[in-house]
file work.cif (mmCIF, C-alpha atoms)
data_start
loop_
_atom_site.label_atom_id
_atom_site.label_comp_id
_atom_site.auth_asym_id
_atom_site.auth_seq_id
_atom_site.Cartn_x
_atom_site.Cartn_y
_atom_site.Cartn_z
CA MET A 1 76.83 121.23 294.57
CA ASP A 2 76.18 117.59 293.87
CA LEU A 3 78.05 115.90 291.07
CA LEU A 4 76.32 116.03 287.71
CA THR A 5 75.29 112.87 285.87
CA GLY A 6 74.05 112.19 282.37
CA THR A 7 74.58 112.54 278.64
CA TYR A 8 71.79 113.98 276.51
CA GLU A 9 71.27 114.46 272.79
CA CYS A 10 69.67 117.83 272.08
CA LYS A 11 69.12 120.36 269.34
CA VAL A 12 70.13 123.99 269.06
CA ASP A 13 67.71 126.30 267.29
CA SER A 14 68.68 128.77 264.55
CA LYS A 15 69.39 131.47 267.17
CA GLY A 16 71.81 129.24 269.08
CA ARG A 17 69.44 128.42 271.93
CA LEU A 18 69.68 125.08 273.69
CA MET A 19 66.71 123.71 275.61
CA MET A 20 68.26 122.34 278.79
CA PRO A 21 67.35 118.66 279.31
CA VAL A 22 64.78 118.26 282.09
CA ALA A 23 66.92 115.75 284.01
CA LEU A 24 69.89 118.11 283.96
CA LYS A 25 67.73 121.09 284.94
CA LYS A 26 66.54 119.10 287.96
CA GLN A 27 70.12 118.44 289.02
CA LEU A 28 70.91 122.16 288.68
CA SER A 29 67.67 123.41 290.26
CA SER A 30 69.29 124.73 293.46
CA ILE A 31 71.89 126.79 291.57
CA ILE A 32 70.31 127.57 288.19
CA GLN A 33 69.37 131.11 289.28
CA ASP A 34 73.07 131.90 289.97
CA GLY A 35 73.96 131.67 286.29
CA PHE A 36 76.82 129.99 284.47
CA VAL A 37 80.05 130.68 282.66
CA LEU A 38 80.50 129.22 279.19
CA ARG A 39 84.00 128.81 277.76
CA ARG A 40 86.08 127.01 275.16
CA SER A 41 87.57 123.71 276.25
CA VAL A 42 91.36 123.56 276.47
CA PHE A 43 91.76 120.07 275.02
CA GLN A 44 88.74 119.51 272.75
CA LYS A 45 86.52 121.35 270.26
CA CYS A 46 83.69 121.60 272.76
CA LEU A 47 82.32 124.09 275.25
CA GLU A 48 82.39 123.89 279.03
CA LEU A 49 79.51 125.19 281.10
CA TYR A 50 80.50 126.03 284.66
CA PRO A 51 77.96 126.70 287.40
CA MET A 52 78.91 130.11 288.81
CA ALA A 53 80.14 128.69 292.13
CA GLU A 54 82.45 126.22 290.32
CA TRP A 55 83.79 129.01 288.11
CA GLN A 56 84.54 131.18 291.15
CA VAL A 57 86.50 128.34 292.80
CA LEU A 58 88.53 127.90 289.61
CA MET A 59 89.15 131.65 289.30
CA GLN A 60 90.40 131.77 292.90
CA LYS A 61 93.02 129.16 291.99
CA ILE A 62 94.00 130.97 288.81
CA ASN A 63 94.17 134.29 290.66
CA LYS A 64 97.02 132.86 292.77
CA LEU A 65 99.25 132.63 289.70
CA ASN A 66 102.11 135.12 289.63
CA ARG A 67 101.16 137.55 286.84
CA PHE A 68 104.77 138.75 286.63
CA LYS A 69 105.61 135.48 284.90
CA LYS A 70 104.86 135.74 281.20
CA LYS A 71 103.66 132.14 280.86
CA ASN A 72 101.14 132.69 283.66
CA ASN A 73 99.85 135.86 282.03
CA ASP A 74 99.66 134.12 278.65
CA PHE A 75 97.81 131.19 280.22
CA ILE A 76 95.26 133.44 281.93
CA ARG A 77 94.61 135.36 278.71
CA ARG A 78 94.15 132.20 276.64
CA PHE A 79 92.13 130.38 279.32
CA THR A 80 89.65 133.22 279.66
CA ALA A 81 89.43 134.03 275.93
CA GLY A 82 85.83 133.97 274.77
CA VAL A 83 84.42 133.42 278.27
CA LYS A 84 80.76 134.42 278.54
CA MET A 85 78.36 134.67 281.44
CA VAL A 86 75.09 132.98 280.48
CA GLU A 87 71.75 132.24 282.09
CA VAL A 88 68.95 129.77 281.57
CA ASP A 89 65.89 131.79 280.55
CA VAL A 90 62.35 131.33 281.92
CA ASN A 91 61.65 128.81 279.14
CA GLY A 92 64.64 126.65 280.16
CA ARG A 93 66.84 127.71 277.24
CA LEU A 94 70.50 128.62 277.24
CA LEU A 95 71.78 130.95 274.52
CA ILE A 96 75.14 129.87 273.12
CA PRO A 97 76.93 132.96 271.78
CA LYS A 98 77.83 132.91 268.08
CA ASP A 99 81.63 132.96 268.56
CA LEU A 100 81.42 129.89 270.79
CA THR A 101 79.14 128.00 268.39
CA VAL A 102 81.72 128.65 265.67
CA PHE A 103 84.59 127.45 267.89
CA ALA A 104 82.81 124.17 268.74
CA ASN A 105 81.31 123.63 265.24
CA ILE A 106 77.84 123.61 266.78
CA SER A 107 75.04 123.77 264.26
CA LYS A 108 71.94 121.74 265.16
CA ASN A 109 72.48 118.33 266.75
CA ILE A 110 74.48 118.44 269.96
CA VAL A 111 75.39 116.37 272.97
CA VAL A 112 75.23 117.80 276.48
CA SER A 113 77.37 115.67 278.77
CA SER A 114 78.13 115.90 282.47
CA ALA A 115 81.81 116.03 283.39
CA ILE A 116 81.68 115.68 287.18
CA ASN A 117 81.12 119.33 288.22
CA ILE A 118 80.72 120.99 284.81
CA ILE A 119 78.80 120.30 281.60
CA GLU A 120 80.37 119.79 278.19
CA ILE A 121 78.47 120.90 275.09
CA TRP A 122 79.52 119.17 271.87
CA ASP A 123 78.57 119.01 268.24
CA LYS A 124 77.07 115.48 268.07
CA ASP A 125 79.46 114.21 265.36
CA LEU A 126 82.54 115.58 267.16
CA TYR A 127 81.37 114.02 270.43
CA GLU A 128 80.94 110.60 268.84
CA GLN A 129 84.33 110.91 267.17
CA ALA A 130 86.00 111.88 270.48
CA ILE A 131 84.38 108.92 272.25
CA ASP A 132 85.37 106.52 269.45
CA ASP A 133 88.96 107.84 269.42
CA ALA A 134 89.23 107.48 273.19
CA THR A 135 87.91 103.90 273.11
CA ILE A 136 91.03 102.64 271.36
CA ASP A 137 93.27 103.15 274.38
CA PHE A 138 90.71 103.67 277.14
CA ALA A 139 91.70 100.50 279.01
CA ASP A 140 95.31 101.68 279.24
CA LEU A 141 94.22 105.18 280.18
CA ALA A 142 91.88 103.85 282.90
CA GLU A 143 94.68 101.73 284.34
CA ASP A 144 97.13 104.65 284.32
CA VAL A 145 94.72 107.15 285.86
CA MET A 146 92.60 105.05 288.21
CA GLY A 147 94.48 101.79 288.70
CA GLN A 148 96.89 102.72 291.50
CA ASP A 149 97.17 100.30 294.37
CA ASP A 150 97.00 103.16 296.88
CA GLU A 151 93.51 103.39 298.43
CA ASP A 152 93.51 107.18 298.21
CA TYR A 153 93.72 107.15 294.43
CA GLY A 154 92.35 103.88 293.16
CA VAL A 155 88.72 103.14 292.53
CA SER A 156 87.27 99.75 293.26
#
call {"tool": "encode", "arguments": {"input": "work.cif", "output": "structure tokens"}}
result
Amino acid sequence: MDLLTGTYECKVDSKGRLMMPVALKKQLSSIIQDGFVLRRSVFQKCLELYPMAEWQVLMQKINKLNRFKKKNNDFIRRFTAGVKMVEVDVNGRLLIPKDLTVFANISKNIVVSSAINIIEIWDKDLYEQAIDDATIDFADLAEDVMGQDDEDYGVS
């Protein structure tokens, strides 16, 4: 799969359906029929939409954890809590299950944002707040994460 690009402001209807942005649908066209997995984010009050192939790669990694270690079992349970398989319908809509809309405070105005190989779905106000909060120390974060002198890790 190619890397995903773009941030889109959208609306969710009263039934929790999101009309997938046309530009994003185009990027997903070769895999859209395979379906997706929708889950709660670990670090933020947003949802993560995984193309099925990306989810399977992640599950293969998680499946290597030793389940006879309590922390691994606890992690797996919490990581997969609320996970739902979802599909884009013939009209280009994605139904966000009620429990996940509650988790992410999604009501009407949302932001759908690419995150390399997955898509984040945010309540618009929470997204703007997260971006504003991250701006304060983004320069330091960028230097710490991407500013190594080693060619294998740095970005120029």
call {"tool": "residues_around", "arguments": {"input": "work.cif", "residues": "range 5-18 of chain A", "least_positions_apart": "2", "cutoff": "7 Å", "atoms": "all atoms listed in the file", "output": "list in words"}}
result
Leu3, Met20, Arg93, Leu94, Leu95, Ile96, Pro97, Ser107, Lys108, Asn109, Ile110, Val111, Val112, Ser113 and Ser114 of chain A
call {"tool": "residues_around", "arguments": {"input": "work.cif", "residues": "Gln44 in chain A", "least_positions_apart": "2", "cutoff": "12 Å", "atoms": "only C-alpha atoms", "output": "ChimeraX atom specification"}}
result
/A:39-42,46-48,103-105,120-123,126-127,129-131
call {"tool": "atom_distance", "arguments": {"input": "work.cif", "atom1": "CA of Lys26 in chain A", "atom2": "CA of Lys84 in chain A"}}
result
22.9 Å
call {"tool": "residues_around", "arguments": {"input": "work.cif", "residues": "Ser29 in chain A", "least_positions_apart": "4", "cutoff": "12 Å", "atoms": "all atoms listed in the file", "output": "number ranges by chain"}}
result
A: 1-2, 4, 20-25, 33-35, 51, 88, 92
call {"tool": "atom_distance", "arguments": {"input": "work.cif", "atom1": "CA of Phe36 in chain A", "atom2": "CA of Glu87 in chain A"}}
result
6.0 Å
call {"tool": "atom_distance", "arguments": {"input": "work.cif", "atom1": "CA of Ile118 in chain A", "atom2": "CA of Leu28 in chain A"}}
result
10.6 Å
call {"tool": "residues_around", "arguments": {"input": "work.cif", "residues": "Leu58 in chain A", "least_positions_apart": "6", "cutoff": "12 Å", "atoms": "all atoms listed in the file", "output": "list in words"}}
result
Val37, Tyr50, Pro51, Met52, Lys64, Leu65, Ile76, Phe79, Thr80, Asn117 and Ile118 of chain A
call {"tool": "axis_aligned_box", "arguments": {"input": "work.cif", "around": "range 108-120 of chain A", "padding_each_side": "8 Å", "output": "lines of an AutoDock Vina configuration file"}}
result
center_x = 76.9
center_y = 118.7
center_z = 276.7
size_x = 25.9
size_y = 22.1
size_z = 39.1
call {"tool": "closest_residue", "arguments": {"input": "work.cif", "among": "A:Ile62, A:Arg67, A:Leu49, A:Val90", "to": "Met19 in chain A", "atoms": "all atoms listed in the file"}}
result
A:Val90
call {"tool": "decode", "arguments": {"input": "work.cif", "residues": "range 11-23 of chain A", "atoms": "all heavy atoms", "output": "tab-separated table (two decimals), in the first residue's frame"}}
result
chain	number	residue	atom	x	y	z
A	11	LYS	N	-18.26	15.66	7.88
A	11	LYS	CA	-19.38	15.60	8.81
A	11	LYS	C	-19.82	14.15	8.95
A	11	LYS	O	-19.68	13.35	8.03
A	11	LYS	CB	-20.55	16.45	8.30
A	11	LYS	CG	-20.23	17.94	8.27
A	11	LYS	CD	-21.48	18.74	8.05
A	11	LYS	CE	-21.21	20.22	7.90
A	11	LYS	NZ	-20.53	20.87	8.97
A	12	VAL	N	-20.34	13.85	10.13
A	12	VAL	CA	-20.92	12.55	10.40
A	12	VAL	C	-22.42	12.77	10.51
A	12	VAL	O	-22.86	13.72	11.17
A	12	VAL	CB	-20.35	11.96	11.71
A	12	VAL	CG1	-21.06	10.68	12.09
A	12	VAL	CG2	-18.86	11.70	11.58
A	13	ASP	N	-23.20	11.90	9.88
A	13	ASP	CA	-24.65	12.08	9.97
A	13	ASP	C	-25.17	11.54	11.30
A	13	ASP	O	-24.41	11.01	12.12
A	13	ASP	CB	-25.36	11.47	8.76
A	13	ASP	CG	-25.32	9.96	8.69
A	13	ASP	OD1	-25.00	9.30	9.70
A	13	ASP	OD2	-25.61	9.42	7.61
A	14	SER	N	-26.47	11.66	11.51
A	14	SER	CA	-27.08	11.28	12.79
A	14	SER	C	-26.95	9.78	13.09
A	14	SER	O	-27.06	9.37	14.24
A	14	SER	CB	-28.55	11.69	12.82
A	14	SER	OG	-29.25	11.03	11.78
A	15	LYS	N	-26.70	8.97	12.07
A	15	LYS	CA	-26.53	7.53	12.27
A	15	LYS	C	-25.07	7.14	12.46
A	15	LYS	O	-24.75	5.96	12.58
A	15	LYS	CB	-27.11	6.76	11.07
A	15	LYS	CG	-28.62	6.94	10.95
A	15	LYS	CD	-29.15	6.17	9.78
A	15	LYS	CE	-30.65	6.36	9.68
A	15	LYS	NZ	-31.21	5.68	8.51
A	16	GLY	N	-24.17	8.13	12.45
A	16	GLY	CA	-22.75	7.85	12.64
A	16	GLY	C	-22.02	7.48	11.36
A	16	GLY	O	-20.94	6.90	11.40
A	17	ARG	N	-22.59	7.85	10.22
A	17	ARG	CA	-21.95	7.53	8.94
A	17	ARG	C	-21.09	8.70	8.46
A	17	ARG	O	-21.52	9.85	8.49
A	17	ARG	CB	-23.00	7.20	7.88
A	17	ARG	CG	-23.77	5.94	8.21
A	17	ARG	CD	-24.83	5.68	7.20
A	17	ARG	NE	-25.80	6.78	7.20
A	17	ARG	CZ	-27.00	6.73	6.66
A	17	ARG	NH1	-27.40	5.63	6.05
A	17	ARG	NH2	-27.81	7.76	6.71
A	18	LEU	N	-19.92	8.35	8.01
A	18	LEU	CA	-18.94	9.31	7.49
A	18	LEU	C	-18.81	9.08	6.00
A	18	LEU	O	-18.58	7.96	5.56
A	18	LEU	CB	-17.60	9.08	8.19
A	18	LEU	CG	-16.32	9.46	7.46
A	18	LEU	CD1	-16.21	10.97	7.34
A	18	LEU	CD2	-15.11	8.93	8.19
A	19	MET	N	-19.01	10.15	5.22
A	19	MET	CA	-18.77	10.06	3.78
A	19	MET	C	-17.26	10.20	3.58
A	19	MET	O	-16.69	11.22	3.93
A	19	MET	CB	-19.52	11.18	3.05
A	19	MET	CG	-19.32	11.16	1.55
A	19	MET	SD	-19.98	9.70	0.73
A	19	MET	CE	-21.71	10.06	0.75
A	20	MET	N	-16.64	9.16	3.06
A	20	MET	CA	-15.19	9.19	2.86
A	20	MET	C	-14.84	10.27	1.84
A	20	MET	O	-15.46	10.35	0.77
A	20	MET	CB	-14.68	7.84	2.35
A	20	MET	CG	-14.75	6.74	3.39
A	20	MET	SD	-13.60	6.98	4.75
A	20	MET	CE	-12.10	6.43	4.00
A	21	PRO	N	-13.85	11.12	2.15
A	21	PRO	CA	-13.43	12.14	1.19
A	21	PRO	C	-12.96	11.50	-0.12
A	21	PRO	O	-12.31	10.45	-0.10
A	21	PRO	CB	-12.26	12.83	1.91
A	21	PRO	CG	-12.47	12.55	3.36
A	21	PRO	CD	-13.12	11.19	3.41
A	22	VAL	N	-13.33	12.11	-1.23
A	22	VAL	CA	-13.02	11.56	-2.55
A	22	VAL	C	-11.52	11.33	-2.72
A	22	VAL	O	-11.09	10.27	-3.20
A	22	VAL	CB	-13.57	12.49	-3.67
A	22	VAL	CG1	-13.11	12.02	-5.04
A	22	VAL	CG2	-15.08	12.55	-3.59
A	23	ALA	N	-10.71	12.30	-2.30
A	23	ALA	CA	-9.25	12.17	-2.46
A	23	ALA	C	-8.71	10.98	-1.67
A	23	ALA	O	-7.80	10.28	-2.13
A	23	ALA	CB	-8.56	13.46	-2.03
